[in-house]
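Listing of protein_17.txt; format and content: compact mmCIF, C-alpha atoms and all ligand atoms.
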```txt
# COMPACT_ATOMS: atom_id res chain seq x y z
CA MET P 34 115.16 116.81 121.61
CA ASP P 35 114.97 118.15 118.03
CA GLU P 36 111.89 119.79 116.54
CA GLY P 37 111.07 116.87 114.26
CA HIS P 38 110.78 114.70 117.30
CA ASP P 39 108.52 117.20 119.05
CA GLU P 40 106.24 117.33 116.01
CA HIS P 41 106.02 113.55 115.88
CA GLY P 42 105.47 113.53 119.61
CA ALA P 43 102.64 116.08 119.54
CA LYS P 44 100.80 114.29 116.73
CA ARG P 45 101.30 110.94 118.42
CA THR P 46 99.95 112.30 121.69
CA SER P 47 96.87 113.91 120.16
CA LEU P 48 96.00 110.72 118.24
CA LEU P 49 96.49 108.72 121.41
CA LEU P 50 94.31 110.94 123.55
CA ARG P 51 91.53 110.74 120.98
CA ASN P 52 91.78 106.99 120.64
CA LEU P 53 92.23 105.41 124.02
CA PRO P 54 90.14 107.50 126.42
CA ILE P 55 90.91 105.37 129.44
CA LEU P 56 94.52 106.58 129.24
CA ASN P 57 93.24 110.05 130.11
CA ARG P 58 91.34 108.90 133.11
CA SER P 59 93.73 106.68 134.98
CA MET P 60 96.26 108.87 136.76
CA THR P 61 99.16 106.67 137.71
CA PHE P 62 102.36 107.72 139.41
CA ALA P 63 104.20 107.32 136.10
CA ARG P 64 101.76 109.68 134.38
CA MET P 65 101.97 112.26 137.13
CA LEU P 66 105.73 112.20 136.88
CA GLU P 67 105.68 112.50 133.09
CA GLU P 68 103.24 115.41 133.16
CA SER P 69 105.37 117.30 135.62
CA LYS P 70 108.63 116.61 133.76
CA ARG P 71 108.98 120.24 132.74
CA SER P 72 109.16 121.35 136.32
CA ILE P 73 111.66 118.70 137.34
CA PRO P 74 115.16 120.18 137.36
CA ASN P 75 117.03 116.89 136.96
CA LEU P 76 115.08 115.75 133.92
CA LYS P 77 118.14 114.16 132.37
CA GLU P 78 118.17 111.61 135.13
CA LEU P 79 114.70 110.47 134.08
CA LYS P 80 115.70 109.68 130.48
CA TRP P 81 116.02 106.00 131.30
CA LEU P 82 112.43 105.96 132.51
CA PHE P 83 110.88 107.81 129.57
CA PRO P 84 112.78 106.62 126.51
CA THR P 85 112.12 108.60 123.32
CA VAL P 86 111.97 105.44 121.24
CA CYS P 87 110.48 102.21 122.51
CA HIS P 88 112.81 99.36 121.67
CA ARG P 89 110.85 96.22 120.90
CA LYS P 90 113.16 93.29 121.57
CA ASN P 91 113.20 89.60 120.77
CA GLN P 92 111.44 87.90 123.69
CA ALA P 93 114.18 85.23 123.74
CA GLU P 94 116.73 87.94 124.59
CA LEU P 95 114.87 89.68 127.42
CA THR P 96 116.45 89.75 130.85
CA ASP P 97 114.50 88.28 133.75
CA THR P 98 113.73 91.83 134.90
CA GLU P 99 112.39 92.81 131.46
CA LYS P 100 110.18 89.71 131.40
CA ALA P 101 108.88 90.45 134.89
CA ARG P 102 108.17 94.08 133.97
CA TYR P 103 106.21 93.09 130.84
CA ILE P 104 104.10 90.67 132.89
CA CYS P 105 103.63 93.28 135.61
CA ALA P 106 102.54 96.01 133.16
CA PHE P 107 100.22 93.52 131.41
CA ASN P 108 98.62 92.63 134.75
CA MET P 109 98.19 96.30 135.63
CA ILE P 110 96.31 97.17 132.43
CA ASN P 111 94.27 94.01 132.90
CA ALA P 112 93.36 95.17 136.40
CA ASP P 113 92.39 98.71 135.30
CA GLY P 114 90.12 97.48 132.48
CA THR P 115 92.14 98.74 129.52
CA LEU P 116 93.03 95.24 128.33
CA GLY P 117 89.41 94.14 128.54
CA GLN P 118 88.37 97.10 126.39
CA LEU P 119 90.99 96.17 123.79
CA VAL P 120 89.82 92.54 123.77
CA ASP P 121 86.22 93.63 123.14
CA ILE P 122 87.30 95.96 120.34
CA HIS P 123 89.10 93.04 118.69
CA GLN P 124 85.92 90.98 118.94
CA ASP P 125 83.95 93.59 116.98
CA MET P 126 83.94 93.73 113.21
CA HIS P 127 86.44 96.30 111.96
CA MET P 128 87.48 94.35 108.86
CA GLN P 129 90.79 93.90 110.69
CA HIS P 130 91.41 90.42 109.38
CA THR P 131 91.25 91.14 105.68
CA ASN P 132 94.54 90.97 103.82
CA ALA P 133 94.96 94.71 103.31
CA ARG P 134 93.92 95.90 106.78
CA LEU P 135 95.38 93.15 108.98
CA LEU P 136 98.81 94.73 109.37
CA PRO P 137 97.97 98.46 109.67
CA TRP P 138 94.99 97.81 111.97
CA HIS P 139 97.03 95.65 114.31
CA ARG P 140 99.88 98.18 114.20
CA VAL P 141 97.50 100.69 115.77
CA PHE P 142 96.19 98.04 118.17
CA LEU P 143 99.71 97.25 119.43
CA HIS P 144 100.62 100.92 119.66
CA LEU P 145 97.63 101.63 121.92
CA PHE P 146 98.43 98.55 124.01
CA GLU P 147 102.05 99.65 124.37
CA GLU P 148 100.98 103.16 125.41
CA ALA P 149 98.66 101.64 127.99
CA LEU P 150 101.60 99.65 129.38
CA HIS P 151 103.53 102.94 129.63
CA ASN P 152 100.90 104.19 132.02
CA TYR P 153 102.52 101.89 134.59
CA HIS P 154 105.96 101.06 133.19
CA PRO P 155 107.09 103.83 130.81
CA ASP P 156 110.14 101.76 129.84
CA VAL P 157 108.31 98.55 128.90
CA CYS P 158 107.90 97.82 125.19
CA VAL P 159 106.09 94.95 123.48
CA PRO P 160 108.58 92.14 122.90
CA TYR P 161 108.30 90.12 119.70
CA TRP P 162 108.08 86.36 119.46
CA ASP P 163 110.16 85.37 116.46
CA TRP P 164 108.57 82.03 115.62
CA THR P 165 110.84 81.78 112.56
CA THR P 166 113.74 81.01 114.93
CA SER P 167 112.07 79.88 118.13
CA THR P 168 111.46 76.21 118.76
CA GLY P 169 108.28 76.52 120.74
CA PHE P 170 106.12 78.58 123.03
CA PRO P 171 108.06 81.24 125.04
CA ASP P 172 108.70 79.35 128.27
CA TRP P 173 108.52 82.40 130.53
CA LEU P 174 104.93 83.08 129.40
CA ALA P 175 103.80 79.47 129.79
CA PRO P 176 102.69 79.90 133.43
CA VAL P 177 101.01 83.27 132.72
CA LEU P 178 97.32 82.41 132.26
CA PRO P 179 95.37 85.50 133.30
CA VAL P 180 91.68 85.98 133.91
CA VAL P 181 90.57 88.97 131.84
CA HIS P 182 87.37 90.88 132.57
CA THR P 183 86.10 92.76 129.53
CA PRO P 184 83.15 95.18 129.73
CA THR P 185 80.97 92.24 128.65
CA ARG P 186 82.72 88.98 129.57
CA THR P 187 85.16 87.09 131.74
CA ILE P 188 87.88 85.22 129.86
CA ASN P 189 90.03 82.51 131.41
CA VAL P 190 93.11 82.27 129.22
CA VAL P 191 94.02 78.73 128.17
CA ARG P 192 96.32 77.35 125.49
CA SER P 193 97.65 74.08 124.09
CA PRO P 194 100.74 74.71 121.94
CA GLY P 195 101.53 72.25 119.14
CA SER P 196 104.79 70.52 118.29
CA GLU P 197 108.10 72.16 117.39
CA SER P 198 108.03 70.61 113.92
CA TRP P 199 104.54 71.96 113.28
CA LEU P 200 105.66 75.49 114.26
CA SER P 201 108.71 75.35 112.02
CA SER P 202 106.64 74.10 109.11
CA ILE P 203 104.34 77.14 109.53
CA ALA P 204 107.29 79.52 109.75
CA ALA P 205 108.89 77.94 106.68
CA GLY P 206 106.47 80.00 104.57
CA VAL P 207 108.01 83.31 105.69
CA PRO P 208 110.93 83.58 103.19
CA THR P 209 108.52 83.10 100.26
CA ALA P 210 106.28 85.86 101.61
CA MET P 211 109.24 88.18 102.20
CA ALA P 212 110.32 87.75 98.56
CA LYS P 213 107.02 89.02 97.13
CA THR P 214 107.03 92.26 95.21
CA THR P 215 103.54 93.61 95.87
CA TYR P 216 101.74 94.34 99.11
CA ALA P 217 98.87 92.01 98.17
CA ASP P 218 101.23 89.12 97.35
CA PHE P 219 103.12 89.71 100.60
CA THR P 220 100.11 89.92 102.90
CA ALA P 221 98.19 86.93 101.53
CA PRO P 222 100.72 84.35 102.81
CA ILE P 223 101.51 86.46 105.91
CA ASN P 224 97.83 86.48 106.80
CA GLY P 225 97.76 82.69 106.49
CA ILE P 226 100.91 82.24 108.61
CA HIS P 227 99.43 84.65 111.15
CA GLY P 228 96.32 82.49 111.49
CA SER P 229 98.28 79.25 111.62
CA VAL P 230 100.35 80.50 114.59
CA HIS P 231 97.12 81.46 116.38
CA VAL P 232 95.86 77.91 115.85
CA TRP P 233 99.24 76.44 116.83
CA VAL P 234 99.10 78.17 120.24
CA GLY P 235 95.52 76.97 120.58
CA GLY P 236 92.88 77.73 123.21
CA THR P 237 92.26 81.45 123.69
CA MET P 238 94.66 82.39 120.89
CA SER P 239 92.73 80.31 118.36
CA ASP P 240 89.54 82.35 118.84
CA PRO P 241 89.63 85.95 117.49
CA SER P 242 86.83 86.99 119.84
CA VAL P 243 89.14 86.49 122.86
CA SER P 244 92.72 86.12 121.52
CA PRO P 245 94.18 89.47 122.79
CA ALA P 246 93.52 88.27 126.35
CA ASP P 247 96.55 85.99 125.99
CA PRO P 248 99.74 87.97 126.72
CA VAL P 249 101.45 86.14 123.84
CA PHE P 250 98.97 87.65 121.34
CA TRP P 251 100.90 90.92 121.50
CA LEU P 252 104.27 89.22 120.98
CA HIS P 253 102.88 87.29 118.02
CA HIS P 254 101.52 90.42 116.38
CA ALA P 255 104.70 92.36 117.13
CA ASN P 256 106.55 89.73 115.10
CA LEU P 257 104.15 90.15 112.17
CA ASP P 258 104.56 93.92 112.45
CA ARG P 259 108.35 93.48 112.48
CA LEU P 260 108.26 91.27 109.37
CA TRP P 261 106.04 93.83 107.63
CA TRP P 262 108.48 96.65 108.53
CA ALA P 263 111.41 94.55 107.23
CA TRP P 264 109.56 93.80 103.97
CA TYR P 265 108.50 97.45 103.57
CA GLN P 266 112.12 98.57 103.77
CA SER P 267 113.46 95.80 101.53
CA PRO P 268 114.18 96.34 97.80
CA GLN P 269 111.21 94.15 96.84
CA GLY P 270 108.90 95.88 99.34
CA ASN P 271 110.15 99.23 98.09
CA HIS P 272 108.07 101.29 100.53
CA GLN P 273 104.76 100.09 99.11
CA ASN P 274 101.82 101.02 101.29
CA PRO P 275 98.63 99.01 101.75
CA PRO P 276 96.23 99.74 98.86
CA LEU P 277 93.53 101.29 101.04
CA THR P 278 91.33 104.26 100.17
CA GLY P 279 88.30 106.01 101.62
CA SER P 280 86.83 104.46 104.74
CA ASP P 281 88.97 101.34 104.22
CA ALA P 282 91.99 103.51 105.09
CA ILE P 283 90.56 104.52 108.48
CA MET P 284 91.54 102.08 111.21
CA ASP P 285 88.17 102.17 112.93
CA PRO P 286 87.04 102.32 115.70
CA TRP P 287 89.98 104.73 115.93
CA THR P 288 90.73 107.79 113.85
CA TYR P 289 94.13 106.61 112.62
CA ASN P 290 94.54 106.74 108.86
CA GLU P 291 96.67 104.18 107.05
CA SER P 292 99.10 107.02 106.29
CA ASP P 293 99.52 107.72 110.04
CA VAL P 294 101.06 104.29 110.58
CA ARG P 295 103.48 103.98 107.64
CA ASN P 296 106.52 104.95 109.65
CA ILE P 297 107.04 103.15 112.94
CA ALA P 298 109.45 105.89 114.09
CA SER P 299 106.56 108.36 114.05
CA LEU P 300 104.70 105.96 116.35
CA GLY P 301 107.67 106.00 118.71
CA TYR P 302 109.06 102.50 118.46
CA ALA P 303 111.72 100.45 116.70
CA TYR P 304 112.64 96.77 116.42
CA VAL P 305 116.03 95.91 117.83
CU CU J 1 96.15 87.84 115.15
```

Take the structure I supplied and represent it as structure tokens, if you would.
Ligand SMILES: [Cu+2]
Amino acid sequence: MDEGHDEHGAKRTSLLLRNLPILNRSMTFARMLEESKRSIPNLKELKWLFPTVCHRKNQAELTDTEKARYICAFNMINADGTLGQLVDIHQDMHMQHTNARLLPWHRVFLHLFEEALHNYHPDVCVPYWDWTTSTGFPDWLAPVLPVVHTPTRTINVVRSPGSESWLSSIAAGVPTAMAKTTYADFTAPINGIHGSVHVWVGGTMSDPSVSPADPVFWLHHANLDRLWWAWYQSPQGNHQNPPLTGSDAIMDPWTYNESDVRNIASLGYAYV
């Protein structure tokens, strides 16, 4: 592991420990193993279990095992209360649905969710649901309708996906958004498409006060995050960052600054 990676890793860890306290408290077998890695002589053999970069894959291309492991990890963080905490945070007002903050705020949100999954399955990454090519709701998630207990509520996940033609008409707006040359012009249509997909899934997903309780929420937002990363690296995106200053640049209730989330490699993941 080179030094650059260690630096990224240390910063990532300290931000994480400050921002998702429950990760400190729940001592799982995976965490115990990770914390004692230094004293394990055959560390190399554990590389598969603790990948340096989390590879976020297209949900349509996951193996049955990968699907089962995502569902299992999701159920585990639901059972330990982490998911419920995240759902309640999303219900609160953090200006996370304005055009400029939508993408960086949810990038942090997904990162914390993914790290919580790693507490149980260090090799599970958030898949993305590419609704620009998919013809409907991911079939493997259709039967997954969890009951989520937040610190304040009990949520029974329900949904009622719309038609294939409706979904493709929503996704048809993506190329126009991707061609925009300023962050504001890119995020305005992306924000609209984002909301339309929430409404298309229906039920829990159509209500921001409960939407992260649906396991597909995370796949939907991973796709938005992926599109943002693609635009950012494109000639027209030209590495433009969200125009956020002062307190607007702090992704409250966490301490992440907008500048902390510009590079997904420094957050430990990649889209493949
Ligand atoms: Cu959303």

For Thr168 of chain P: contacts at 10 Å, all atoms listed in the file, fewer than 3 positions along chain excluded, given as a count of residues only: 10

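The residue set within 10 Å of Asn91 of chain P, counting all atoms listed in the file and dropping same-chain residues fewer than 6 places from it, reads Val159, Pro160, Tyr161, Trp162, Asp163, Leu252, Ala255, Asn256, Tyr304 and Val305 of chain P.
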
Ligand CU 1 (chain J): which residues are within 8 Å, counting all atoms listed in the file? Reply as a ChimeraX atom specification. /P:130,139,227-228,231,241,244,250,253-254

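Minimum atom-to-atom distance to Thr237 of chain P, evaluated using all atoms listed in the file, belongs to P:Val120 out of P:Val120, P:Leu257, P:Ala149, P:Cys105.
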
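Take the candidates P:Leu49, P:Ala43, P:Val181, P:Met284 and check each one against Gln118 of chain P using only C-alpha atoms; the shortest distance goes to P:Val181.
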
I want to know what sits within 9 Å of Ala106 of chain P, based on only C-alpha atoms, with residues of the same chain fewer than 4 positions away left out; could you give that as a list in words? Ala101, Arg102, Ile110, Asn111, Ala149, Leu150, His151, Asn152, Tyr153, His154 and Val157 of chain P

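Residue nearest Asn189 of chain P, chosen from P:Ile226, P:Ile104, P:Ala205, P:Ala246 and counting all atoms listed in the file: P:Ala246.
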
Selection near Trp262 of chain P, 10 Å with all atoms listed in the file, sequence-local residues under 5 positions removed, as an MDAnalysis selection string: chainID P and resid 136 256:257 267 270 272 295:297 303:304

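Distances here use all atoms listed in the file; by that measure, the residue among P:Cys87, P:Asn224, P:Glu94, P:Ser167 closest to Glu147 of chain P is P:Cys87.
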
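As for atom CA of Ser229 of chain P and atom CA of Ser202 of chain P, they are spaced 10.1 Å apart.
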
Leaving out Ile283 of chain P and any residue of its chain fewer than 5 positions from it, which residues lie within 12 Å of it when counting all atoms listed in the file, given as a VMD selection string? chain P and resid 127 to 129 133 to 134 137 to 138 141 275 277 to 278 288 to 294

Selected residue of minimal separation from Val243 of chain P among P:Ala204, P:Ala63, P:Ala210, P:Val191, counting only C-alpha atoms: P:Val191

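Each of P:Ser69, P:Ser47, P:Thr220, P:Ser193 was checked against Asn132 of chain P using only C-alpha atoms; the smallest atom-to-atom distance is that of P:Thr220.
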
Rounded to one decimal in Å, what is the spacing between atom CA of Gln269 of chain P and atom CA of Val207 of chain P? 14.4 Å

Spatial sel., origin (99.2, 83.8, 132.3), limit 10 Å, all atoms listed in the file, listed as a PyMOL selection string: chain P and resi 104+107-108+173-180+189-192+246-249

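The gap separating atom CA of Pro155 of chain P from atom CA of Leu66 of chain P is 10.4 Å, in Å to one decimal.
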